[in-house]
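Here's upload.tsv, which has TSV, C-alpha atoms:
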chain	number	residue	atom	x	y	z
A	1	MET	CA	-151.40	65.09	20.13
A	2	ARG	CA	-149.15	66.86	17.64
A	3	PHE	CA	-150.17	65.22	14.36
A	4	SER	CA	-152.54	66.95	11.98
A	5	PRO	CA	-154.10	65.76	8.69
A	6	GLU	CA	-151.93	68.17	6.72
A	7	SER	CA	-148.73	66.71	8.20
A	8	SER	CA	-149.58	63.11	7.40
A	9	PRO	CA	-147.89	61.92	4.18
A	10	HIS	CA	-150.45	59.12	3.81
A	11	HIS	CA	-153.59	61.19	4.25
A	12	GLY	CA	-156.32	59.57	2.23
A	13	THR	CA	-155.17	55.96	2.76
A	14	ASN	CA	-158.00	53.48	3.33
A	15	GLY	CA	-158.07	49.92	4.62
A	16	LEU	CA	-157.75	47.77	7.71
A	17	ALA	CA	-154.87	47.96	10.17
A	18	ALA	CA	-153.64	45.41	12.74
A	19	VAL	CA	-151.88	46.94	15.75
A	20	PHE	CA	-149.26	45.02	17.74
A	21	VAL	CA	-147.99	46.57	20.98
A	22	ASP	CA	-144.62	45.51	22.39
A	23	TYR	CA	-145.83	46.18	25.90
A	24	ASP	CA	-142.77	44.60	27.52
A	25	ASN	CA	-140.43	46.95	25.71
A	26	LEU	CA	-142.66	49.99	26.18
A	27	TYR	CA	-143.03	49.39	29.90
A	28	THR	CA	-139.30	48.91	30.38
A	29	TYR	CA	-138.48	52.00	28.32
A	30	LEU	CA	-140.92	54.23	30.21
A	31	TYR	CA	-139.89	52.85	33.59
A	32	GLY	CA	-136.40	54.15	32.90
A	33	TYR	CA	-137.68	57.71	33.44
A	34	SER	CA	-138.01	58.66	37.09
A	35	ALA	CA	-141.13	60.78	36.64
A	36	ALA	CA	-142.90	58.07	34.61
A	37	ARG	CA	-142.33	55.17	36.99
A	38	SER	CA	-145.62	55.62	38.83
A	39	ASN	CA	-147.81	55.40	35.73
A	40	PRO	CA	-146.20	53.74	32.67
A	41	ASP	CA	-149.47	51.89	31.97
A	42	GLU	CA	-151.40	55.18	31.77
A	43	ILE	CA	-148.84	56.59	29.32
A	44	ILE	CA	-149.14	53.49	27.12
A	45	HIS	CA	-152.94	53.67	27.16
A	46	GLU	CA	-152.89	57.31	26.00
A	47	LEU	CA	-150.29	56.52	23.35
A	48	VAL	CA	-152.32	53.64	21.87
A	49	ARG	CA	-155.61	55.52	22.10
A	50	ASN	CA	-154.28	58.58	20.26
A	51	LEU	CA	-152.46	56.46	17.70
A	52	LYS	CA	-155.70	54.62	16.96
A	53	GLN	CA	-157.46	57.98	16.54
A	54	PHE	CA	-154.66	59.14	14.22
A	55	LEU	CA	-155.03	56.03	12.06
A	56	SER	CA	-158.75	56.61	11.79
A	57	ASP	CA	-158.78	60.38	11.22
A	58	GLU	CA	-155.65	60.88	9.13
A	59	ARG	CA	-154.96	57.56	7.45
A	60	HIS	CA	-158.64	56.60	7.21
A	61	MET	CA	-157.79	53.14	8.50
A	62	THR	CA	-160.06	50.92	10.52
A	63	VAL	CA	-158.21	49.11	13.31
A	64	THR	CA	-159.36	45.52	13.17
A	65	GLN	CA	-157.32	44.23	16.11
A	66	ILE	CA	-155.01	45.46	18.86
A	67	ALA	CA	-152.89	43.07	20.91
A	68	ALA	CA	-150.31	43.80	23.63
A	69	TYR	CA	-147.46	41.37	24.37
A	70	ALA	CA	-145.72	41.06	27.73
A	71	ASP	CA	-144.93	38.93	30.73
A	72	PHE	CA	-147.41	40.80	32.89
A	73	SER	CA	-146.53	38.75	35.98
A	74	GLY	CA	-143.18	40.52	36.28
A	75	MET	CA	-144.39	44.12	36.07
A	76	HIS	CA	-143.71	45.35	39.59
A	77	LYS	CA	-146.56	43.33	41.09
A	78	ASN	CA	-149.08	45.28	39.00
A	79	GLY	CA	-149.67	42.82	36.17
A	80	GLN	CA	-153.28	41.91	36.93
A	81	HIS	CA	-154.30	45.57	37.09
A	82	ILE	CA	-152.51	46.25	33.79
A	83	GLN	CA	-154.25	43.39	32.01
A	84	GLN	CA	-157.64	44.54	33.27
A	85	GLY	CA	-156.88	48.05	32.03
A	86	LEU	CA	-155.96	46.72	28.60
A	87	TYR	CA	-159.27	44.88	28.35
A	88	LEU	CA	-161.15	48.03	29.33
A	89	HIS	CA	-159.33	49.96	26.60
A	90	GLY	CA	-160.18	47.37	23.94
A	91	ILE	CA	-156.67	45.89	23.78
A	92	GLU	CA	-156.16	42.13	23.96
A	93	PRO	CA	-153.38	41.25	26.43
A	94	ARG	CA	-151.16	38.42	25.17
A	95	PHE	CA	-149.31	36.89	28.11
A	96	VAL	CA	-145.85	35.63	27.08
A	97	PRO	CA	-143.76	34.10	29.91
A	98	GLY	CA	-140.41	35.87	30.04
A	99	SER	CA	-138.72	32.71	31.33
A	100	MET	CA	-139.74	30.80	28.21
A	101	GLN	CA	-137.35	32.54	25.81
A	102	ARG	CA	-135.18	35.62	25.64
A	103	ASN	CA	-137.20	38.51	24.19
A	104	ALA	CA	-140.20	36.20	24.19
A	105	ALA	CA	-142.75	39.01	23.78
A	106	GLU	CA	-140.90	40.47	20.78
A	107	ILE	CA	-140.63	37.06	19.14
A	108	GLN	CA	-144.31	36.23	19.64
A	109	LEU	CA	-145.27	39.66	18.30
A	110	CYS	CA	-143.24	39.08	15.13
A	111	VAL	CA	-144.72	35.60	14.66
A	112	ASP	CA	-148.28	36.94	14.94
A	113	ALA	CA	-147.52	39.89	12.65
A	114	VAL	CA	-146.08	37.61	9.94
A	115	GLU	CA	-149.05	35.26	10.34
A	116	THR	CA	-151.33	38.24	9.78
A	117	LEU	CA	-149.35	39.13	6.65
A	118	PHE	CA	-150.06	35.74	5.13
A	119	ASN	CA	-153.54	34.96	6.46
A	120	ARG	CA	-155.33	38.32	6.55
A	121	ARG	CA	-155.42	39.55	2.96
A	122	ASP	CA	-157.91	42.23	4.00
A	123	VAL	CA	-155.36	43.85	6.35
A	124	GLU	CA	-153.37	46.52	4.52
A	125	SER	CA	-151.18	47.85	7.32
A	126	ILE	CA	-149.18	46.33	10.16
A	127	VAL	CA	-148.69	48.82	13.00
A	128	ILE	CA	-146.06	48.18	15.70
A	129	VAL	CA	-145.90	50.21	18.90
A	130	SER	CA	-142.69	49.95	20.94
A	131	GLY	CA	-140.35	51.86	23.21
A	132	ASP	CA	-137.01	51.76	21.41
A	133	ARG	CA	-137.24	48.80	19.03
A	134	LEU	CA	-137.64	49.64	15.34
A	135	TYR	CA	-138.42	46.12	14.03
A	136	LEU	CA	-136.46	46.82	10.86
A	137	PRO	CA	-136.54	43.22	9.51
A	138	LEU	CA	-140.31	43.16	9.93
A	139	VAL	CA	-140.59	46.55	8.19
A	140	GLN	CA	-138.59	45.25	5.23
A	141	HIS	CA	-140.68	42.08	5.06
A	142	CYS	CA	-143.92	44.09	5.04
A	143	LEU	CA	-142.65	46.30	2.23
A	144	ARG	CA	-141.62	43.28	0.16
A	145	ARG	CA	-145.11	41.85	0.61
A	146	GLY	CA	-146.71	45.10	-0.51
A	147	MET	CA	-148.14	45.91	2.91
A	148	GLN	CA	-147.79	49.29	4.59
A	149	PRO	CA	-145.77	49.06	7.86
A	150	ILE	CA	-146.02	51.72	10.55
A	151	ILE	CA	-143.68	51.80	13.55
A	152	ALA	CA	-144.52	54.13	16.44
A	153	SER	CA	-141.60	54.28	18.90
A	154	PHE	CA	-139.76	56.77	21.06
A	155	THR	CA	-136.64	56.36	18.95
A	156	SER	CA	-136.42	56.59	15.19
A	157	PRO	CA	-133.91	56.01	12.38
A	158	SER	CA	-131.89	58.83	10.88
A	159	SER	CA	-133.93	61.76	9.63
A	160	SER	CA	-132.35	61.18	6.24
A	161	SER	CA	-133.99	57.79	5.98
A	162	ARG	CA	-136.32	57.65	3.02
A	163	ARG	CA	-138.70	55.37	4.86
A	164	ALA	CA	-138.84	57.80	7.77
A	165	GLU	CA	-139.86	60.54	5.33
A	166	GLU	CA	-142.55	58.28	3.91
A	167	GLY	CA	-144.15	58.03	7.33
A	168	VAL	CA	-143.21	54.46	8.14
A	169	PHE	CA	-141.67	55.58	11.44
A	170	LEU	CA	-143.69	57.78	13.76
A	171	THR	CA	-142.48	59.42	16.96
A	172	ALA	CA	-144.48	57.94	19.84
A	173	SER	CA	-144.16	61.03	22.02
A	174	ASP	CA	-146.16	62.99	19.41
A	175	PHE	CA	-149.19	60.96	20.50
A	176	LEU	CA	-148.91	62.03	24.14
A	177	GLY	CA	-150.29	65.06	25.89
A	178	ASP	CA	-148.04	67.74	27.35
A	179	SER	CA	-148.14	66.32	30.91
A	180	PHE	CA	-146.87	62.91	29.84
A	181	ARG	CA	-144.24	64.39	27.53
A	182	ARG	CA	-142.90	66.42	30.46
A	183	GLN	CA	-142.52	63.21	32.46
A	184	LEU	CA	-140.32	61.80	29.71
A	185	SER	CA	-138.12	64.89	29.72
A	186	SER	CA	-136.68	63.95	33.11
A	187	PRO	CA	-133.35	62.14	32.88
A	188	ALA	CA	-133.21	58.39	33.20
A	189	PRO	CA	-131.22	57.01	36.15
A	190	PRO	CA	-127.74	55.68	35.40
A	191	GLN	CA	-127.65	52.06	34.25
A	192	ARG	CA	-125.96	49.43	36.35
A	193	ASN	CA	-122.77	47.92	35.03
A	194	VAL	CA	-123.64	44.25	35.46
A	195	THR	CA	-120.15	43.03	34.58
A	196	GLN	CA	-118.53	45.20	37.25
A	197	ASP	CA	-121.12	44.16	39.84
A	198	VAL	CA	-120.55	40.48	39.09
A	199	SER	CA	-116.75	40.90	39.20
A	200	ALA	CA	-117.05	42.57	42.61
A	201	ALA	CA	-119.36	39.80	43.80
A	202	ARG	CA	-116.90	37.10	42.75
A	203	GLU	CA	-114.06	38.99	44.41
A	204	ARG	CA	-116.02	39.06	47.66
A	205	ARG	CA	-116.77	35.37	47.22
A	206	SER	CA	-113.07	34.58	46.81
A	207	ARG	CA	-112.33	36.11	50.21
A	208	ILE	CA	-114.75	33.72	51.93
A	209	ALA	CA	-113.78	30.18	52.85
A	210	VAL	CA	-116.53	28.38	50.94
A	211	GLU	CA	-116.99	24.73	51.84
A	212	TYR	CA	-118.25	22.67	48.91
A	213	ARG	CA	-120.27	19.51	49.43
A	214	ASP	CA	-122.02	17.15	47.05
A	215	ILE	CA	-125.59	17.96	46.06
A	216	GLU	CA	-127.29	14.86	47.41
A	217	ILE	CA	-130.93	15.83	46.94
A	218	GLN	CA	-131.97	14.86	43.41
A	219	GLY	CA	-134.48	17.71	43.16
A	220	ALA	CA	-131.77	20.24	43.97
A	221	ARG	CA	-129.48	18.81	41.30
A	222	HIS	CA	-132.35	18.96	38.80
A	223	ALA	CA	-132.92	22.59	39.78
A	224	LEU	CA	-129.24	23.33	39.14
A	225	GLU	CA	-129.52	21.72	35.69
A	226	ILE	CA	-132.55	23.92	34.93
A	227	ILE	CA	-130.70	27.02	36.11
A	228	ASP	CA	-127.73	26.23	33.88
A	229	GLU	CA	-129.88	25.38	30.85
A	230	HIS	CA	-132.25	28.34	30.97
A	231	PHE	CA	-130.21	31.05	32.72
A	232	GLY	CA	-126.58	29.96	32.36
A	233	GLN	CA	-125.88	32.58	29.67
A	234	TYR	CA	-126.45	35.43	32.15
A	235	GLU	CA	-123.80	36.82	34.47
A	236	GLU	CA	-126.30	37.05	37.31
A	237	ILE	CA	-129.79	35.60	37.55
A	238	TYR	CA	-132.82	37.51	38.75
A	239	LEU	CA	-134.60	35.57	41.45
A	240	THR	CA	-138.21	36.26	40.47
A	241	PRO	CA	-138.10	34.76	36.94
A	242	LEU	CA	-135.88	31.95	38.22
A	243	LEU	CA	-138.39	30.90	40.86
A	244	ARG	CA	-141.14	31.14	38.26
A	245	LYS	CA	-139.21	28.87	35.90
A	246	LEU	CA	-138.50	26.32	38.61
A	247	SER	CA	-142.18	26.30	39.55
A	248	GLU	CA	-143.09	25.60	35.94
A	249	LEU	CA	-140.66	22.71	35.47
A	250	LEU	CA	-140.57	21.04	38.88
A	251	ASP	CA	-143.24	19.10	40.73
A	252	ASP	CA	-144.34	21.60	43.39
A	253	SER	CA	-145.92	18.83	45.45
A	254	ARG	CA	-142.48	17.27	45.93
A	255	HIS	CA	-140.09	20.22	45.63
A	256	ASP	CA	-140.39	23.79	46.85
A	257	PRO	CA	-138.22	25.98	44.57
A	258	LYS	CA	-137.17	28.17	47.50
A	259	SER	CA	-136.02	25.15	49.51
A	260	LEU	CA	-134.06	23.85	46.54
A	261	ILE	CA	-132.28	27.19	46.17
A	262	SER	CA	-131.44	27.04	49.87
A	263	GLU	CA	-130.03	23.54	49.41
A	264	LEU	CA	-127.88	24.65	46.48
A	265	GLU	CA	-126.61	27.59	48.50
A	266	SER	CA	-125.86	25.38	51.48
A	267	ALA	CA	-123.85	23.07	49.18
A	268	GLY	CA	-121.85	26.06	47.91
A	269	ALA	CA	-123.06	25.73	44.31
A	270	VAL	CA	-124.75	29.15	44.25
A	271	TRP	CA	-125.01	32.25	46.37
A	272	LEU	CA	-127.44	35.15	46.65
A	273	GLU	CA	-126.84	38.87	46.72
A	274	LYS	CA	-129.02	41.92	47.20
A	275	ARG	CA	-129.18	44.64	44.55
A	276	ARG	CA	-130.52	48.10	45.17
A	277	GLY	CA	-133.38	49.14	42.92
A	278	PHE	CA	-136.48	51.25	42.65
A	279	PRO	CA	-139.13	50.89	43.97
A	280	HIS	CA	-137.80	47.72	45.64
A	281	ASP	CA	-134.43	46.17	46.22
A	282	TYR	CA	-134.17	42.77	44.60
A	283	THR	CA	-132.17	39.56	44.85
A	284	VAL	CA	-129.92	37.91	42.30
A	285	LEU	CA	-128.38	34.45	42.21
A	286	LEU	CA	-124.85	33.71	41.04
A	287	ILE	CA	-123.47	30.29	40.17
A	288	ASP	CA	-120.13	29.17	41.58
A	289	PRO	CA	-118.34	27.58	38.58
A	290	GLU	CA	-115.74	25.94	40.83
A	291	HIS	CA	-118.26	23.71	42.58
A	292	PRO	CA	-117.68	20.10	41.38
A	293	ASP	CA	-121.34	19.47	40.53
A	294	VAL	CA	-121.55	22.77	38.65
A	295	GLU	CA	-118.44	21.83	36.65
A	296	THR	CA	-119.98	18.45	35.77
A	297	ILE	CA	-123.31	19.91	34.67
A	298	GLN	CA	-121.67	22.63	32.59
A	299	LYS	CA	-119.37	20.13	30.87
A	300	GLN	CA	-122.38	17.95	30.05
A	301	ALA	CA	-124.18	20.97	28.62
A	302	ASP	CA	-121.15	21.86	26.49
A	303	HIS	CA	-121.21	18.40	24.93
A	304	ALA	CA	-124.97	18.33	24.38
A	305	PRO	CA	-126.09	18.26	20.72
A	306	HIS	CA	-126.91	21.64	19.16
A	307	TYR	CA	-129.54	21.77	16.45
A	308	PRO	CA	-128.99	24.23	13.57
A	309	GLU	CA	-132.52	25.56	13.58
A	310	ASP	CA	-132.32	26.38	17.29
A	311	SER	CA	-128.97	28.15	17.04
A	312	GLN	CA	-130.08	30.12	14.01
A	313	PHE	CA	-133.22	31.19	15.83
A	314	ASP	CA	-131.27	32.28	18.91
A	315	GLU	CA	-128.78	34.31	16.88
A	316	SER	CA	-131.62	36.33	15.37
A	317	TYR	CA	-132.63	37.48	18.81
A	318	GLU	CA	-129.28	37.48	20.62
A	319	THR	CA	-129.28	39.74	23.66
A	320	SER	CA	-126.64	40.60	26.22
A	321	SER	CA	-126.92	40.29	29.97
A	322	GLU	CA	-127.53	44.04	30.04
A	323	THR	CA	-130.71	43.58	27.98
A	324	TYR	CA	-131.84	40.86	30.36
A	325	GLU	CA	-131.22	43.27	33.20
A	326	GLU	CA	-133.38	45.93	31.56
A	327	GLU	CA	-136.27	43.53	31.29
A	328	TYR	CA	-136.18	42.43	34.90
A	329	ASP	CA	-134.39	45.26	36.67
A	330	ASN	CA	-136.18	46.63	39.74
A	331	GLU	CA	-139.04	44.19	39.35
A	332	GLY	CA	-138.75	43.35	43.04
A	333	PHE	CA	-138.07	40.03	44.68
A	334	ASP	CA	-140.27	37.58	46.51
A	335	GLU	CA	-140.74	39.25	49.89
A	336	GLU	CA	-141.45	36.00	51.70
A	337	TYR	CA	-138.28	34.50	50.26
A	338	ASP	CA	-136.26	37.55	51.21
A	339	GLU	CA	-137.49	37.38	54.79
A	340	GLU	CA	-136.13	33.86	55.04
A	341	TYR	CA	-132.64	35.24	54.37
A	342	THR	CA	-132.68	38.40	56.42
A	343	GLU	CA	-131.13	36.51	59.32
A	344	GLN	CA	-128.24	35.35	57.09
A	345	PRO	CA	-126.75	38.58	55.71
A	346	ASP	CA	-123.42	37.00	54.80
A	347	ALA	CA	-125.20	34.89	52.18
A	348	TYR	CA	-125.89	37.83	49.94
A	349	SER	CA	-125.77	41.20	51.66
A	350	GLY	CA	-122.46	42.25	50.14
A	351	THR	CA	-120.64	42.22	53.47
A	352	ASP	CA	-117.96	39.56	53.75
A	353	ARG	CA	-117.03	37.76	56.91
A	354	ASP	CA	-114.26	40.24	57.60
A	355	GLY	CA	-116.82	42.99	57.86
A	356	ASP	CA	-115.93	44.87	54.66
A	357	ASP	CA	-118.96	46.72	53.34
A	358	SER	CA	-119.11	46.34	49.60
A	359	TYR	CA	-121.85	48.86	48.92
Please express what this file holds, its structure, as C-alpha cells.
Amino acid sequence: MRFSPESSPHHGTNGLAAVFVDYDNLYTYLYGYSAARSNPDEIIHELVRNLKQFLSDERHMTVTQIAAYADFSGMHKNGQHIQQGLYLHGIEPRFVPGSMQRNAAEIQLCVDAVETLFNRRDVESIVIVSGDRLYLPLVQHCLRRGMQPIIASFTSPSSSSRRAEEGVFLTASDFLGDSFRRQLSSPAPPQRNVTQDVSAARERRSRIAVEYRDIEIQGARHALEIIDEHFGQYEEIYLTPLLRKLSELLDDSRHDPKSLISELESAGAVWLEKRRGFPHDYTVLLIDPEHPDVETIQKQADHAPHYPEDSQFDESYETSSETYEEEYDNEGFDEEYDEEYTEQPDAYSGTDRDGDDSY
C-alpha cells in the first residue's frame, strides 16, 4: 500500500466512518482487465482491507460499518462464493436485484448513505469505494451537511480539483499490492458497439421471411408486456436478467419463462442471438417491432400515465444501453436454456437461411 501518515492531509482526524462499497461497479470495472478476470473478488477484498487499515492508522477513524452492494446472482456464477467471502472479511453483502431498477446497487447505496447522514450523528465520515464512479452529488451533499466524504476509486477528478487536494478522492490502486496493480496494467479488451451489433442483427432479420402469428397464450403475452415495460429501453436484452425478472413476476407453477420465450419466438415477436464473450458466450433477445402484438403493447405503453416523481428519479440515474451492457456483459447464459436451442441455429446463431455467416 502506497499511503503513509505523512502523505495524508487529514492525519489526526478522529471519529467514526461508515464504508459503502459499490461492489457491482467495482466488479465490472475490474473484470474489464484481462489479467484480473480470474480474481476480481480477491482484488476488492485487498482494496477494502487496506483502505480500512488506512482509515484507522492515518485518519484515526473507527469503521463502524461496511456494506457491499451488488446483484451477486449475476456475477459469472460465483455470487454465493463472493457473498461468503464478504462475510468472512467482515463486510455485509447487500443483495440488490439488477432487474429491479437500472443502477439499482448505486441507488440503494446512495439511499443508505443519505440515511446514515441523517440518522447517525456519531458518524463523521462517509466512505465510498467504487471502480469508476465518483458520486459527486453525494460528495457535495456530505460537504453541505458538514460531514467528511471520502471516495476511493480507480478514476479521479482533475488534479487541479481543490477537493482532490483535500483528500476527498483517493486512488484505489494505491491500496493494492504490486501483484494486483500489475494485473490492472494490462489493457482492457475492446468494448462491443451494441448499436452496430443490433443494426446487423436487424439486417439479418430483414433477409429472413418471418411469419407473424397472434400470441394466443395469455402467459406469453404477459411475458411480452413485462419485457417491454422493464427492458424495452435497451437495444438488446440479456437473457439471464430477463429470465430472472420473468421468474419474479410470473407464476412459475403455471408458466415456465423459457417456454414463454420459445412461444414468443415461434410467434415471431422476438428472436435470440448468440454473442461472444469471456469466459462464456451469452444469449441476447431482440424484440421485433413490426409484430402486430408488439406494436399494440408498445402503443399502450406510450399512452400510459407518467408520474413526475418517477420520471425525475429515472433522469437522475439515466444510463445508456452501453452501460447496461457493461453490467451484464459476459455474465454467461443459462446453459440448460442454450442447449434447448442448439438444434435451431437459425434462431439466433447469426447465420441466415441463405448461409451467410455474420460473425
inquiry  = I want to know what sits within 10 Å of stretch 248-257 of chain A, based on only C-alpha atoms, with residues of the same chain fewer than 6 positions away left out; could you give that as a ChimeraX atom specification?
reply    = /A:99-100,218-220,222-223,226,242,263
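By chain and then residue number, the residues within 12 Å of A:Arg221 are Asp214, Ile215, Glu216, Ile217, Glu225, Ile226, Ile227, Asp228, Leu250, His255, Pro257, Leu260, Ile261, Glu263, Leu264, Glu265, Ala267, Ala269, Val270, Pro292, Asp293, Val294, Thr296 and Ile297 of chain A, counting all atoms listed in the file and disregarding those fewer than 4 positions away in sequence.
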Notebook entry, point to check: Any idea what's packed within 6 Å of A:Ala68, counting all atoms listed in the file, ignoring anything in its chain fewer than 6 positions away? Could you give it as a PyMOL selection string?
Noted result: chain A and resi 21+23+93-94
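Closest approach to A:Thr195 from the set A:Asp41, A:Phe169, A:Glu229, A:Tyr234 is made by A:Tyr234, with distances taken over all atoms listed in the file.
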Write out as a PyMOL selection string which residues come within 8 Å of A:Gln183 when counting all atoms listed in the file, dropping same-chain ones fewer than 4 positions away.
-> chain A and resi 33-36+179
Closest of A:Phe118, A:Gln140, A:Leu285, A:Arg133 to A:Ser262, counting only C-alpha atoms, is A:Leu285
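Each of A:Ser130, A:Thr64, A:Ser38, A:Asn50 was compared to A:Glu106 using only C-alpha atoms, and A:Ser130 turns out to be the nearest.
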A straight line from atom CA of A:Gln148 to atom CA of A:Leu47 spans 20.3 Å
